[in-house]
>>> print(open('run_31.csv').read())   # CSV, C-alpha atoms
chain,number,residue,atom,x,y,z
A,14,MET,CA,95.1,80.7,127.2
A,15,LYS,CA,98.8,80.4,128.1
A,16,THR,CA,101.5,80.1,125.4
A,17,ILE,CA,105.2,79.1,125.5
A,18,ALA,CA,106.0,82.8,125.1
A,19,ASP,CA,104.3,83.4,128.6
A,20,LEU,CA,106.6,80.9,130.4
A,21,LYS,CA,109.3,82.2,132.8
A,22,ILE,CA,112.8,80.6,132.9
A,23,GLY,CA,112.5,77.1,134.5
A,24,GLU,CA,108.7,77.0,134.1
A,25,ARG,CA,107.2,74.0,132.3
A,26,GLY,CA,104.1,73.4,130.2
A,27,ILE,CA,102.5,70.7,128.1
A,28,ILE,CA,101.8,71.5,124.5
A,29,VAL,CA,98.1,71.4,123.9
A,30,ASN,CA,97.4,73.1,120.5
A,31,PHE,CA,98.6,75.6,117.9
A,32,THR,CA,97.0,78.9,116.8
A,33,ASP,CA,98.7,79.2,113.4
A,34,GLU,CA,98.1,76.3,111.0
A,35,GLY,CA,100.9,77.3,108.6
A,36,LEU,CA,103.5,77.5,111.3
A,37,SER,CA,102.3,74.4,113.2
A,38,LEU,CA,103.6,72.0,110.5
A,39,LYS,CA,107.1,73.5,110.9
A,40,LEU,CA,106.8,73.2,114.7
A,41,LEU,CA,105.6,69.7,114.6
A,42,GLU,CA,108.6,68.7,112.4
A,43,MET,CA,110.9,70.2,115.1
A,44,GLY,CA,109.4,68.0,117.8
A,45,CYS,CA,106.7,70.3,119.3
A,46,LEU,CA,104.0,67.6,119.4
A,47,PRO,CA,100.8,67.9,121.4
A,48,GLY,CA,101.3,66.2,124.8
A,49,THR,CA,105.0,67.0,124.9
A,50,GLN,CA,106.5,68.8,127.9
A,51,VAL,CA,108.5,71.9,127.3
A,52,THR,CA,110.7,73.8,129.7
A,53,MET,CA,111.8,77.5,129.2
A,54,THR,CA,115.6,77.5,129.4
A,55,HIS,CA,116.8,80.9,128.1
A,56,ILE,CA,115.4,84.3,127.2
A,57,ALA,CA,117.6,86.7,125.3
A,58,PRO,CA,118.3,90.0,127.0
A,59,PHE,CA,115.8,91.9,124.9
A,60,GLY,CA,113.2,89.1,125.1
A,61,ASP,CA,113.7,87.6,121.6
A,62,PRO,CA,114.6,84.8,120.8
A,63,ILE,CA,113.9,82.3,123.5
A,64,ALA,CA,115.1,78.7,124.0
A,65,VAL,CA,113.0,75.8,125.3
A,66,LYS,CA,113.9,72.2,126.1
A,67,VAL,CA,111.6,69.9,124.1
A,68,SER,CA,112.0,66.2,123.2
A,69,GLY,CA,115.5,66.0,124.8
A,70,TYR,CA,117.1,68.9,123.0
A,71,VAL,CA,117.1,72.7,123.3
A,72,LEU,CA,115.1,74.5,120.6
A,73,SER,CA,115.6,78.2,119.9
A,74,MET,CA,112.6,80.1,118.4
A,75,ARG,CA,111.3,83.6,118.0
A,76,LYS,CA,108.9,84.9,120.6
A,77,ASP,CA,106.1,85.4,118.0
A,78,GLU,CA,106.5,81.7,117.0
A,79,ALA,CA,106.3,80.6,120.6
A,80,ALA,CA,103.2,82.7,121.0
A,81,THR,CA,101.4,80.3,118.6
A,82,ILE,CA,101.9,77.3,120.9
A,83,ILE,CA,99.3,76.9,123.5
A,84,VAL,CA,100.4,75.1,126.7
A,85,ALA,CA,98.6,73.8,129.8
>>> encode(input="run_31.csv", output="structure tokens")
Amino acid sequence: MKTIADLKIGERGIIVNFTDEGLSLKLLEMGCLPGTQVTMTHIAPFGDPIAVKVSGYVLSMRKDEAATIIVA
């Protein structure tokens, strides 16, 4: 089971599911819909936060939030 938090810079994935129901609503509102392609664009020097390109824009999120998004 691979999550967005596991991606390396430049690596892509397709959102499949979420592991946290409470956080998933917030992520859905931000454009992280199942079937959407995401690309890791930036990782902060200490690993948190990260930035991913999703739905045509760059979204910054905490690594623990990214770990709840399962990708294929």
>>> atom_distance(input="run_31.csv", atom1="atom CA of A:Leu38", atom2="atom CA of A:Lys21")
25.2 Å
>>> closest_residue(input="run_31.csv", among="A:Ser68, A:Ile83, A:Asp61, A:Arg75", to="A:Thr49", atoms="all atoms listed in the file")
A:Ser68
>>> atom_distance(input="run_31.csv", atom1="atom CA of A:Pro58", atom2="atom CA of A:Gly35")
28.3 Å
>>> residues_near_point(input="run_31.csv", point="(107.8, 83.4, 126.3)", cutoff="7 Å", atoms="only C-alpha atoms", output="PyMOL selection string")
chain A and resi 17-21+63+76+79
>>> write_last_selection(input="run_31.csv", atoms="C-alpha atoms", output="CSV table (one decimal), in the frame of the given file")
chain,number,residue,atom,x,y,z
A,17,ILE,CA,105.2,79.1,125.5
A,18,ALA,CA,106.0,82.8,125.1
A,19,ASP,CA,104.3,83.4,128.6
A,20,LEU,CA,106.6,80.9,130.4
A,21,LYS,CA,109.3,82.2,132.8
A,63,ILE,CA,113.9,82.3,123.5
A,76,LYS,CA,108.9,84.9,120.6
A,79,ALA,CA,106.3,80.6,120.6
>>> atom_distance(input="run_31.csv", atom1="atom CA of A:Leu46", atom2="atom CA of A:Phe59")
27.6 Å
>>> closest_residue(input="run_31.csv", among="A:Ala85, A:Leu36, A:Cys45, A:Ala80", to="A:Pro62", atoms="all atoms listed in the file")
A:Ala80
>>> closest_residue(input="run_31.csv", among="A:Met14, A:Ala57, A:Met74, A:Val84", to="A:Lys39", atoms="only C-alpha atoms")
A:Met74
>>> closest_residue(input="run_31.csv", among="A:Glu78, A:Gly23, A:Leu72, A:Leu41", to="A:Thr54", atoms="only C-alpha atoms")
A:Gly23
>>> closest_residue(input="run_31.csv", among="A:Glu42, A:Ser73, A:Gly60, A:Val51", to="A:Thr16", atoms="only C-alpha atoms")
A:Val51
>>> closest_residue(input="run_31.csv", among="A:Val29, A:Lys66, A:Thr52, A:Leu40", to="A:Lys15", atoms="only C-alpha atoms")
A:Val29
>>> residues_around(input="run_31.csv", residues="A:Gln50", least_positions_apart="3", cutoff="8 Å", atoms="all atoms listed in the file", output="number ranges by chain")
A: 25-28, 67-68
